[in-house]
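Visitor: The structure is given below, and queries will be raised subsequently.
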Amino acid sequence: MIPPVALEICVVCLGIFLLMAESFSFKSNKVTLAQGAIFGLLCVFILTFFIETNPPAMQDSGFYVVDGLSLFFKRFALLATIFTLILAIDYIPIVQRLVPAERPEAGSGEFFILPVFTCAGLMWMASAADFIMIFCALELVTISLYIQVAYMRRSLASLEAGTKFLVLGALSTGFFIYGITWIFGMTGETNLALIQKALANVPEANHTAILFGLAMVLVAIGFKIAAAPFQFWVPDVYQGAPTPITAFLAVASKAAGFVILIRVLQPFLVLESFQGKLILVLLLLAALTLIYGNLAAIPQTNLKRLLGYSSIAHAGYLLVGLAAIGDAFSGRAVVFYLSGYFLMTFLAFLVMVPVTKATGGDDLSHFNGLARRSPGLALAMLIAAASLAGVPFTVGFFGKFFIFEAAMNQGLYLLVFIGVITVASGFYYYFKVIRAMYWQPAPEGVGAVPVSILSKLAIVVSALLILVLGFYPQLLIQFLP
């Protein structure tokens, strides 16, 4: 069998090989680098099915563990990176126009290669079982994302997004380190499994100090998952970043943040003295995030900004699932929701990129009359918007249903009520996209939107999976960790 860490090593080696190939290649067309990256990541994805999980005894210590959850999210990160590269291939003409260079297509290769290194960090985060390992993987992800967000140096919006992301990312890192210091000071451990054992022997007088340290860690993770009130960077960063990187942030980065949150909370939720306080914090975060994300999305007229606020709202639904942690199915409900969110969000961005390239913008007005110009793209966006809103017979509906069912089983009726009300508001702002495509007249002089073969394939697969899982969710549930 293949050693588990070989997966990350393969991804890092792939990134280094592509960097060397880009440096010594005289070809002006760098799309072959993206195609090579996609092929390499697909090979690593296949390798994940030949990895054995560690026995429970080996998961009690060490920096790196391989269990069902980590393997699932390694595959998640690999697929998210592949979809991001597909988006990047279509988006590269916009990048070339907005990146200053002495020769054509200079800088294009790095735009395709950087997500590969981000993917390696995301995969390490999925297996990190020690605060030190979590921090190192987190920094690998965030530093590479700083570069990608601010990549289009001729775009003031991209530079502004990169600056905000850098400043707030550094701030969240400070909170994370400060929280780890307090927890280590009280328990003498950084390994999560050993912290759980040490907590049983910590005097009750020191519980306040541990909770303070954990609160600092939760603030840092709150920035990463865009939970209110730590969400204020999201709209500007999502709107200013290159569209493929926006999709990467919205899906892969958010999923990795929730994996870390699940692992960090697990040792503390075992003890009753911590459990009640943590669940109360999760309840408050979930309610605030649901209300803010959905209400702030209503007046938006830019689709990237709308999806930014929408991603905040979806973080709220995921937090509802974590707040219902006592339910046997809540963990799987969160993973199911993240999987559905992957499909419907990437489908929306797969439609957005060619429309942006053809019309020159990503405001809702640029989607006017899309159903008459490109009915296939309009249908795909309709499916994505319907699933994001939670329309029945889509994967988004079952994602919300399972989350609310777990919350109901735990007696969180007020939180479920807030969730149902905010779902109704989601119908309104997603309908604005549908109204623009099907009811608004198409602008003059704009014809059909061209789409590459690779993007067409990704669109068809995503749309079909959204509908199939909307009728038969057990198809995905059987693969959940």
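Identifiers in the structure tokens: chain A, B, ... in order shown; residue index from 1 per chain; ligand index from 1 in order shown.
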Need to verify the contact set: region 74-78 of chain A, 9 Å, only C-alpha atoms, exclusion of same-chain residues closer than 2 positions in sequence. Can you return it as a compact mmCIF listing (two decimals) with C-alpha atoms, in the first residue's frame?

Guide:
```txt
# COMPACT_ATOMS: atom_id res chain seq x y z
CA LEU A 7 -0.18 12.07 -1.56
CA LEU A 41 -4.01 15.90 -9.76
CA LEU A 42 -6.35 13.31 -11.27
CA VAL A 44 -3.18 11.69 -7.18
CA PHE A 45 -6.97 11.55 -6.76
CA ILE A 46 -6.91 7.93 -7.99
CA THR A 48 -6.25 8.23 -2.64
CA LEU A 69 -12.63 12.37 7.27
CA SER A 70 -9.13 13.32 6.14
CA LEU A 71 -9.22 11.07 3.06
CA PHE A 72 -12.60 12.46 2.04
CA ALA A 80 -11.70 21.64 -6.09
CA THR A 81 -8.24 22.42 -7.47
CA ILE A 82 -9.04 20.63 -10.73
CA PHE A 83 -12.23 22.66 -11.13
CA VAL A 116 -1.34 23.18 -6.91
CA CYS A 119 -3.94 22.10 -2.76
CA ALA A 120 -0.98 20.50 -0.96
CA LEU A 122 -5.31 21.93 2.04
CA MET A 123 -4.51 18.22 2.01
CA TRP A 124 -2.13 18.61 4.95
CA MET A 125 -4.80 20.55 6.82
CA ALA A 126 -7.19 17.61 6.38
CA SER A 127 -4.74 15.30 8.19
CA ALA A 252 -11.91 24.68 -0.86
CA SER A 253 -10.69 27.20 1.71
CA ALA A 255 -14.20 23.39 3.58
CA ALA A 256 -10.67 23.19 5.02
CA SER A 339 -20.16 18.30 -0.95
CA PHE A 342 -18.96 22.25 -3.90
```

Visitor: Write down as a list in words the residues of region 48-277 of chain A whose backbone DSSP state falls under strand (DSSP E or B).

Guide: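 The strand (DSSP E or B) subset of region 48-277 of chain A is Tyr64, Ala128, Asp130 and Asn191 of chain A.
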
Visitor: Measuring atom to atom with only C-alpha atoms, identify which of A:Gln300, A:Asn294, A:Gln410, A:Ser330 is nearest to Leu318 (chain A).

Guide: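 Ranking A:Gln300, A:Asn294, A:Gln410, A:Ser330 by distance to Leu318 (chain A), first place goes to A:Ser330.
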
Visitor: Please identify which residues in region 29-176 of chain A DSSP calls alpha helix (DSSP H) from the backbone, and express them as a PyMOL selection string.

Guide: chain A and resi 31-47+68-98+108-127+131-149+156-176

Visitor: With a distance cut-off of 12 Å and only C-alpha atoms, select the neighbouring residues of Leu211 (chain A), excluding the residue or stretch itself and same-chain residues fewer than 3 positions from it, and output the selection as an MDAnalysis selection string.

Guide: chainID A and resid 179:180 182:183 186:187 199 204:208 214:218 265 268:269 273:278 281

Visitor: Looking at A:Pro203, A:Pro115, A:Pro375, A:Pro235, which one is nearest to Ile312 (chain A), with distances taken over only C-alpha atoms?

Guide: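 For Ile312 (chain A), the nearest of the candidates is A:Pro235.
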
Visitor: Could you tell me which of A:Phe212, A:Phe73, A:Phe230, A:Phe24 comes closest to Phe479 (chain A) if we count only C-alpha atoms?

Guide: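 Closest to Phe479 (chain A) of all the choices is A:Phe73.
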
Visitor: Taking only C-alpha atoms into account, name the residue in A:Phe117, A:Phe404, A:Trp439, A:Phe232 that is nearest to Gly419 (chain A).

Guide: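 The answer is A:Phe404, which sits nearest to Gly419 (chain A).
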
Visitor: Determine, counting only C-alpha atoms, which protein, DNA and RNA residues have an atom within 8 Å of an atom of Trp233 (chain A); residues of the same chain fewer than 3 positions away are not included. Present the result as number ranges by chain.

Guide: A: 164-165, 168, 230, 236-237

Visitor: Which of these, A:Ala193, A:Val416, A:Val353, A:Ile403, has the shortest distance to Thr84 (chain A) once you count only C-alpha atoms?

Guide: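 Ranked by minimum distance to Thr84 (chain A), first place goes to A:Val353.
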
Visitor: Could you tell me which of A:Ala226, A:Ala315, A:Ala324, A:Ala250 comes closest to Ile279 (chain A) if we count only C-alpha atoms?

Guide: A:Ala324

Visitor: Excluding same-chain residues fewer than 4 positions from Phe258 (chain A), what lies within 10 Å of it counting only C-alpha atoms, as an MDAnalysis selection string?

Guide: chainID A and resid 126 221:222 224:225 253:254 262:264 315 318:319 322 334:335 338

Visitor: List the spatial neighbours of Ala384 (chain A) as a list in words - criterion: any atom at most 7 Å away, only C-alpha atoms, same-chain residues fewer than 4 positions off excluded.

Guide: Met344, Thr345, Leu347, Ala348, Ala380 and Leu388 of chain A

Visitor: Could you give me, as a list in words, the residues within 12 Å of Pro93 (chain A), counting only C-alpha atoms and dropping anything in the same chain fewer than 6 positions from it?

Guide: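 What passes the distance filter is Asn29, Lys30, Val31, Leu87, Val99, Pro104, Glu105, Ala106, Gly107, Ser108, Phe111, Met152, Pro242, Val353, Pro354, Thr356, Lys357, Ala358 and Gly360 of chain A.
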
Visitor: Could you save those same residues with C-alpha atoms as a CSV table (one decimal), in the first residue's frame?

Guide:
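Saved file selection.csv follows:
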```csv
chain,number,residue,atom,x,y,z
A,29,ASN,CA,1.0,29.0,-24.7
A,30,LYS,CA,1.0,28.1,-21.0
A,31,VAL,CA,-2.4,26.2,-21.1
A,87,LEU,CA,-11.9,27.9,-14.6
A,99,VAL,CA,-0.9,41.4,-15.4
A,104,PRO,CA,2.9,37.8,-24.1
A,105,GLU,CA,1.5,35.3,-21.6
A,106,ALA,CA,4.2,36.1,-19.0
A,107,GLY,CA,2.8,35.3,-15.6
A,108,SER,CA,0.2,32.9,-17.0
A,111,PHE,CA,-1.4,31.5,-12.3
A,152,MET,CA,-4.1,41.0,-11.4
A,242,PRO,CA,-9.7,36.7,-10.1
A,353,VAL,CA,-16.4,32.9,-16.3
A,354,PRO,CA,-17.4,32.6,-20.0
A,356,THR,CA,-17.7,37.6,-17.9
A,357,LYS,CA,-15.2,37.0,-20.7
A,358,ALA,CA,-17.9,37.6,-23.4
A,360,GLY,CA,-16.7,42.3,-20.0
```

Visitor: Report the distance between CA of Val420 (chain A) and CA of Ala286 (chain A) in Å, rounded to one decimal place.

Guide: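 So the answer is 12.9 Å.
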